[in-house]
Structure formats: structure tokens, C-alpha cells
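Data file: protein.txt. Format and content: compact mmCIF, N, CA and C atoms and all ligand atoms.
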```
# COMPACT_ATOMS: atom_id res chain seq x y z
N MET A 131 14.03 -2.42 -9.64
CA MET A 131 12.84 -2.22 -8.82
C MET A 131 12.32 -3.59 -8.37
N SER A 132 12.20 -3.77 -7.07
CA SER A 132 11.65 -5.05 -6.61
C SER A 132 10.23 -4.83 -6.10
N VAL A 133 9.31 -5.63 -6.62
CA VAL A 133 7.93 -5.53 -6.17
C VAL A 133 7.57 -6.80 -5.44
N GLU A 134 6.64 -6.70 -4.52
CA GLU A 134 6.24 -7.89 -3.80
C GLU A 134 4.76 -7.89 -3.51
N GLN A 135 4.21 -9.10 -3.49
CA GLN A 135 2.81 -9.26 -3.10
C GLN A 135 2.73 -9.03 -1.60
N VAL A 136 1.70 -8.37 -1.16
CA VAL A 136 1.56 -8.11 0.27
C VAL A 136 0.25 -8.68 0.79
N GLY A 137 0.17 -8.84 2.07
CA GLY A 137 -1.05 -9.31 2.70
C GLY A 137 -1.04 -8.90 4.15
N PRO A 138 -2.10 -9.26 4.90
CA PRO A 138 -2.16 -8.87 6.30
C PRO A 138 -1.07 -9.54 7.14
N ARG A 139 -0.66 -10.73 6.73
CA ARG A 139 0.37 -11.41 7.50
C ARG A 139 1.76 -11.17 6.93
N ALA A 140 1.81 -10.57 5.76
CA ALA A 140 3.11 -10.29 5.14
C ALA A 140 3.13 -8.86 4.65
N PRO A 141 3.15 -7.90 5.58
CA PRO A 141 3.15 -6.50 5.15
C PRO A 141 4.45 -6.15 4.42
N ALA A 142 4.35 -5.21 3.51
CA ALA A 142 5.56 -4.68 2.89
C ALA A 142 6.09 -3.63 3.85
N ASP A 143 7.32 -3.77 4.22
CA ASP A 143 7.90 -2.97 5.29
C ASP A 143 9.00 -2.06 4.81
N GLY A 144 8.88 -0.76 5.12
CA GLY A 144 10.00 0.14 4.96
C GLY A 144 10.52 0.46 6.36
N LEU A 145 11.39 1.41 6.44
CA LEU A 145 11.89 1.80 7.76
C LEU A 145 10.83 2.59 8.51
N PHE A 146 10.12 3.44 7.77
CA PHE A 146 9.17 4.36 8.39
C PHE A 146 7.72 4.01 8.11
N ILE A 147 7.49 3.33 7.01
CA ILE A 147 6.13 3.06 6.55
C ILE A 147 5.99 1.58 6.19
N ALA A 148 4.83 1.01 6.50
CA ALA A 148 4.50 -0.33 6.04
C ALA A 148 3.11 -0.28 5.42
N VAL A 149 2.87 -1.19 4.49
CA VAL A 149 1.55 -1.28 3.86
C VAL A 149 1.04 -2.70 4.00
N GLU A 150 -0.21 -2.83 4.43
CA GLU A 150 -0.87 -4.13 4.49
C GLU A 150 -2.09 -4.10 3.59
N VAL A 151 -2.34 -5.21 2.93
CA VAL A 151 -3.53 -5.32 2.08
C VAL A 151 -4.31 -6.55 2.54
N GLU A 152 -5.60 -6.39 2.73
CA GLU A 152 -6.41 -7.53 3.16
C GLU A 152 -6.44 -8.61 2.08
N GLU A 153 -6.54 -9.83 2.55
CA GLU A 153 -6.54 -11.00 1.67
C GLU A 153 -7.60 -10.88 0.55
N TRP A 154 -8.78 -10.38 0.91
CA TRP A 154 -9.87 -10.33 -0.06
C TRP A 154 -9.66 -9.25 -1.13
N ALA A 155 -8.68 -8.36 -0.90
CA ALA A 155 -8.47 -7.27 -1.86
C ALA A 155 -7.22 -7.46 -2.70
N VAL A 156 -6.32 -8.30 -2.25
CA VAL A 156 -4.99 -8.31 -2.83
C VAL A 156 -4.97 -8.78 -4.30
N ARG A 157 -5.93 -9.60 -4.69
CA ARG A 157 -5.94 -10.08 -6.08
C ARG A 157 -6.85 -9.26 -6.99
N ASP A 158 -7.31 -8.14 -6.49
CA ASP A 158 -8.20 -7.28 -7.26
C ASP A 158 -7.35 -6.43 -8.22
N ARG A 159 -7.33 -6.84 -9.48
CA ARG A 159 -6.44 -6.17 -10.45
C ARG A 159 -6.93 -4.78 -10.81
N GLU A 160 -8.25 -4.60 -10.74
CA GLU A 160 -8.80 -3.27 -11.01
C GLU A 160 -8.37 -2.28 -9.92
N LEU A 161 -8.44 -2.74 -8.68
CA LEU A 161 -8.00 -1.91 -7.56
C LEU A 161 -6.49 -1.66 -7.67
N ALA A 162 -5.74 -2.69 -8.05
CA ALA A 162 -4.29 -2.54 -8.20
C ALA A 162 -3.97 -1.43 -9.20
N ALA A 163 -4.70 -1.41 -10.30
CA ALA A 163 -4.46 -0.39 -11.33
C ALA A 163 -4.80 1.00 -10.80
N LYS A 164 -5.88 1.07 -10.03
CA LYS A 164 -6.30 2.36 -9.46
C LYS A 164 -5.24 2.88 -8.48
N LEU A 165 -4.73 1.99 -7.65
CA LEU A 165 -3.72 2.39 -6.66
C LEU A 165 -2.44 2.85 -7.35
N ALA A 166 -2.06 2.12 -8.39
CA ALA A 166 -0.85 2.48 -9.13
C ALA A 166 -1.01 3.87 -9.74
N GLU A 167 -2.24 4.19 -10.12
CA GLU A 167 -2.50 5.48 -10.76
C GLU A 167 -2.49 6.63 -9.73
N VAL A 168 -3.06 6.39 -8.56
CA VAL A 168 -3.23 7.53 -7.64
C VAL A 168 -2.00 7.84 -6.78
N CYS A 169 -1.20 6.84 -6.45
CA CYS A 169 -0.09 7.08 -5.51
C CYS A 169 0.97 7.95 -6.18
N PRO A 170 1.24 9.13 -5.62
CA PRO A 170 2.17 10.06 -6.27
C PRO A 170 3.62 9.60 -6.23
N VAL A 171 3.93 8.63 -5.38
CA VAL A 171 5.34 8.20 -5.29
C VAL A 171 5.51 6.72 -5.70
N ASP A 172 4.52 6.22 -6.44
CA ASP A 172 4.62 4.90 -7.06
C ASP A 172 4.93 3.76 -6.09
N ILE A 173 4.20 3.75 -4.99
CA ILE A 173 4.37 2.65 -4.04
C ILE A 173 3.65 1.39 -4.52
N TYR A 174 2.55 1.57 -5.24
CA TYR A 174 1.77 0.42 -5.70
C TYR A 174 2.10 0.07 -7.14
N HIS A 175 2.04 -1.23 -7.39
CA HIS A 175 2.29 -1.73 -8.74
C HIS A 175 1.17 -2.70 -9.07
N ALA A 176 0.62 -2.57 -10.27
CA ALA A 176 -0.42 -3.50 -10.70
C ALA A 176 0.26 -4.70 -11.34
N GLY A 177 0.33 -5.78 -10.61
CA GLY A 177 1.00 -6.97 -11.11
C GLY A 177 0.01 -7.96 -11.67
N ALA A 178 0.52 -9.00 -12.27
CA ALA A 178 -0.34 -10.03 -12.86
C ALA A 178 -1.19 -10.71 -11.79
N ARG A 179 -0.70 -10.73 -10.55
CA ARG A 179 -1.44 -11.38 -9.46
C ARG A 179 -2.21 -10.39 -8.61
N GLY A 180 -2.20 -9.12 -9.00
CA GLY A 180 -2.95 -8.13 -8.24
C GLY A 180 -2.06 -7.05 -7.66
N ILE A 181 -2.38 -6.65 -6.42
CA ILE A 181 -1.68 -5.51 -5.80
C ILE A 181 -0.28 -5.92 -5.36
N GLU A 182 0.69 -5.19 -5.82
CA GLU A 182 2.06 -5.38 -5.36
C GLU A 182 2.58 -4.04 -4.87
N VAL A 183 3.61 -4.12 -4.04
CA VAL A 183 4.18 -2.91 -3.44
C VAL A 183 5.65 -2.83 -3.80
N VAL A 184 6.09 -1.62 -4.11
CA VAL A 184 7.49 -1.40 -4.44
C VAL A 184 8.21 -1.01 -3.15
N ARG A 185 8.93 -1.96 -2.60
CA ARG A 185 9.53 -1.76 -1.27
C ARG A 185 10.41 -0.51 -1.21
N GLU A 186 11.19 -0.28 -2.25
CA GLU A 186 12.12 0.87 -2.26
C GLU A 186 11.40 2.21 -2.16
N HIS A 187 10.12 2.24 -2.52
CA HIS A 187 9.40 3.51 -2.52
C HIS A 187 8.62 3.76 -1.23
N LEU A 188 8.51 2.75 -0.39
CA LEU A 188 7.62 2.86 0.78
C LEU A 188 7.90 4.10 1.63
N ASP A 189 9.17 4.34 1.90
CA ASP A 189 9.50 5.44 2.81
C ASP A 189 9.36 6.82 2.18
N GLU A 190 8.95 6.84 0.90
CA GLU A 190 8.67 8.12 0.24
C GLU A 190 7.20 8.52 0.40
N CYS A 191 6.44 7.69 1.08
CA CYS A 191 5.01 7.98 1.28
C CYS A 191 4.84 9.39 1.85
N VAL A 192 3.93 10.15 1.25
CA VAL A 192 3.69 11.53 1.69
C VAL A 192 2.39 11.64 2.51
N LEU A 193 1.84 10.48 2.90
CA LEU A 193 0.67 10.44 3.79
C LEU A 193 -0.53 11.18 3.19
N CYS A 194 -0.67 11.11 1.89
CA CYS A 194 -1.72 11.88 1.20
C CYS A 194 -3.11 11.24 1.31
N GLU A 195 -3.14 9.95 1.67
CA GLU A 195 -4.40 9.19 1.82
C GLU A 195 -5.11 8.90 0.51
N LEU A 196 -4.50 9.20 -0.62
CA LEU A 196 -5.18 8.96 -1.90
C LEU A 196 -5.44 7.47 -2.10
N CYS A 197 -4.53 6.62 -1.63
CA CYS A 197 -4.74 5.17 -1.76
C CYS A 197 -5.92 4.72 -0.90
N LEU A 198 -6.02 5.29 0.30
CA LEU A 198 -7.14 4.92 1.18
C LEU A 198 -8.46 5.39 0.59
N ASN A 199 -8.45 6.54 -0.05
CA ASN A 199 -9.68 7.05 -0.68
C ASN A 199 -10.09 6.21 -1.88
N ALA A 200 -9.12 5.63 -2.57
CA ALA A 200 -9.40 4.88 -3.80
C ALA A 200 -9.85 3.45 -3.51
N ALA A 201 -9.57 2.96 -2.30
CA ALA A 201 -9.83 1.55 -1.99
C ALA A 201 -11.11 1.41 -1.17
N PRO A 202 -11.74 0.24 -1.24
CA PRO A 202 -12.89 0.00 -0.35
C PRO A 202 -12.45 0.09 1.11
N PRO A 203 -13.35 0.47 2.01
CA PRO A 203 -12.98 0.63 3.42
C PRO A 203 -12.32 -0.63 3.97
N GLY A 204 -11.20 -0.43 4.64
CA GLY A 204 -10.52 -1.55 5.30
C GLY A 204 -9.62 -2.38 4.42
N ALA A 205 -9.60 -2.12 3.12
CA ALA A 205 -8.81 -2.97 2.21
C ALA A 205 -7.31 -2.79 2.41
N ILE A 206 -6.92 -1.55 2.72
CA ILE A 206 -5.50 -1.22 2.79
C ILE A 206 -5.21 -0.51 4.10
N ARG A 207 -4.07 -0.80 4.65
CA ARG A 207 -3.61 -0.03 5.81
C ARG A 207 -2.22 0.51 5.53
N VAL A 208 -2.06 1.79 5.77
CA VAL A 208 -0.74 2.42 5.71
C VAL A 208 -0.33 2.64 7.16
N ILE A 209 0.77 2.04 7.56
CA ILE A 209 1.15 2.03 8.98
C ILE A 209 2.40 2.88 9.18
N LYS A 210 2.30 3.76 10.17
CA LYS A 210 3.44 4.65 10.44
C LYS A 210 4.36 3.98 11.46
N ARG A 211 5.38 3.31 10.96
CA ARG A 211 6.34 2.62 11.83
C ARG A 211 7.01 3.60 12.80
N TYR A 212 7.21 4.83 12.32
CA TYR A 212 7.92 5.82 13.13
C TYR A 212 7.04 6.39 14.23
N ASP A 213 5.76 6.03 14.24
CA ASP A 213 4.81 6.60 15.19
C ASP A 213 4.10 5.47 15.95
N GLY A 214 4.89 4.51 16.41
CA GLY A 214 4.32 3.42 17.20
C GLY A 214 3.35 2.56 16.43
N ASP A 215 3.57 2.42 15.12
CA ASP A 215 2.72 1.61 14.25
C ASP A 215 1.28 2.15 14.17
N ALA A 216 1.13 3.45 14.31
CA ALA A 216 -0.20 4.05 14.16
C ALA A 216 -0.63 3.98 12.71
N PRO A 217 -1.89 3.59 12.47
CA PRO A 217 -2.37 3.59 11.09
C PRO A 217 -2.61 5.01 10.59
N LEU A 218 -2.32 5.24 9.32
CA LEU A 218 -2.70 6.50 8.71
C LEU A 218 -4.21 6.53 8.66
N ARG A 219 -4.82 7.59 9.07
CA ARG A 219 -6.28 7.74 9.19
C ARG A 219 -6.84 6.62 10.10
N ALA A 220 -6.63 6.79 11.40
CA ALA A 220 -7.06 5.78 12.38
C ALA A 220 -8.57 5.70 12.45
S1 LIG B 301 -0.73 7.72 1.46
FE1 LIG B 301 -0.29 8.63 -0.58
S2 LIG B 301 1.91 8.41 -0.85
FE2 LIG B 301 1.33 7.05 0.84
S3 LIG B 301 0.97 5.05 -0.12
FE3 LIG B 301 -1.02 6.09 -0.06
S4 LIG B 301 -1.19 7.16 -2.03
FE4 LIG B 301 0.98 6.59 -1.77
```

In C-alpha cells, what does this structure look like?
Amino acid sequence: MSVEQVGPRAPADGLFIAVEVEEWAVRDRELAAKLAEVCPVDIYHAGARGIEVVREHLDECVLCELCLNAAPPGAIRVIKRYDGDAPLRA
């Protein structure tokens, strides 16, 4: 399993889905733990440096919005690469 730190300038990219995390949120370990708990397909990982994303799991996203509900407004963007880069919950 490869995990990576993500940010607005370095989104974690799958074929169909990408995830961006704002700079001010990425080192929030409490939020990282919450995201790891809510995502049903384990896209988020709570790393020592904060929010990390498991690249191999990105395209399993079921668009449930649980991560968006768990995070402060604007902290995370789930981007639908297959839909002209439309954000989930525009
Ligand atoms: S929308 Fe659901 S499946 Fe997709 S990353 Fe967020 S919590 Fe995970």
C-alpha cells in the first residue's frame, strides 16, 4: 500500500478520482483520523504528518460525501476526473 501526502498543488490522482487537501488542513492529525474512520473504501490514511491518501484506493470512491461531511468546509475536494474535473458536491 502506498500512501502519500496531498495538497492543493499536489493532488492525489487516480484515473477517475482525485483528492485535494488544503494546506491549512493537511497536518491536522485529528481530521486525518476522522477521515480514515469514515471513508468506506479506505482512501484516507492517518499518517504521522497528517492526512495521507492511498492512491490505489482512489478509484474505488463511492461518492458518499462522508469525508466532506466530516471535514471543515473547503478543507477537502473530491474531484471527478471522469466528469470534466467536476468537484463532488459543487
Ligand atoms: S466520497 Fe466517500 S468513498 Fe469517496 S473519498 Fe469521500 S468518504 Fe471516501

**Prompt:** Which residues come within 12 Å of segment 152-161 of chain A, counting only C-alpha atoms, excluding same-chain residues fewer than 3 positions away, as a ChimeraX atom specification?
**Reply:** /A:134-141,149,164-168,174-183,197-208

Item to complete: Identify, counting only N, CA and C atoms and all ligand atoms, the protein, DNA and RNA residues located within 5 Å of ligand LIG 301 (chain B), and give them as a PyMOL selection string.
Response: chain A and resi 168-171+191-197

_For atom N of Asp143 of chain A and atom N of Ala220 of chain A, the interatomic separation in Å (one decimal)_ =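 Atom-to-atom, atom N of Asp143 of chain A and atom N of Ala220 of chain A are spaced 18.9 Å apart.
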
Quiz item: Per DSSP on the backbone, what are the alpha helix (DSSP H) residues of chain A, as a list in words?
Solution: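 Here is the list: Glu153, Trp154, Ala155, Val156, Arg159, Glu160, Leu161, Ala162, Ala163, Lys164, Leu165, Ala166, Glu167, Val168, Leu196, Cys197, Leu198, Asn199 and Ala200 of chain A.
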
Please list as a PDB file with N, CA and C atoms, in the coordinates of the input every residue within 6 Å of Phe146 of chain A, counting only N, CA and C atoms and excluding residues in the same chain fewer than 4 positions away.
```pdb
ATOM      1  N   ASP A 189       9.170   4.340   1.900  1.00  0.00           N
ATOM      2  CA  ASP A 189       9.500   5.440   2.810  1.00  0.00           C
ATOM      3  C   ASP A 189       9.360   6.820   2.180  1.00  0.00           C
ATOM      4  N   ILE A 209       0.770   2.040   7.560  1.00  0.00           N
ATOM      5  CA  ILE A 209       1.150   2.030   8.980  1.00  0.00           C
ATOM      6  C   ILE A 209       2.400   2.880   9.180  1.00  0.00           C
ATOM      7  N   LYS A 210       2.300   3.760  10.170  1.00  0.00           N
ATOM      8  CA  LYS A 210       3.440   4.650  10.440  1.00  0.00           C
ATOM      9  C   LYS A 210       4.360   3.980  11.460  1.00  0.00           C
ATOM     10  N   ARG A 211       5.380   3.310  10.960  1.00  0.00           N
ATOM     11  CA  ARG A 211       6.340   2.620  11.830  1.00  0.00           C
ATOM     12  C   ARG A 211       7.010   3.600  12.800  1.00  0.00           C
ATOM     13  N   TYR A 212       7.210   4.830  12.320  1.00  0.00           N
ATOM     14  CA  TYR A 212       7.920   5.820  13.130  1.00  0.00           C
ATOM     15  C   TYR A 212       7.040   6.390  14.230  1.00  0.00           C
TER      16      TYR A 212
END
```

| query | Please, which residues of chain A, numbered as in this document, come out strand (DSSP E or B) from DSSP, as a list in words? | reply | Val133, Glu134, Gln135, Ala142, Asp143, Ile147, Ala148, Val149, Glu150, Val151, Tyr174, His175, Ala176, Gly177, Gly180, Ile181, Glu182, Val183, Val184, Ile206, Arg207, Val208, Ile209, Lys210, Ala216 and Pro217 of chain A

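Counting from atom CA of Arg219 of chain A, the distance to atom CA of His187 of chain A is 20.0 Å.
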
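Note that atom CA of Glu186 of chain A and atom CA of Ala142 of chain A are 10.0 Å apart.
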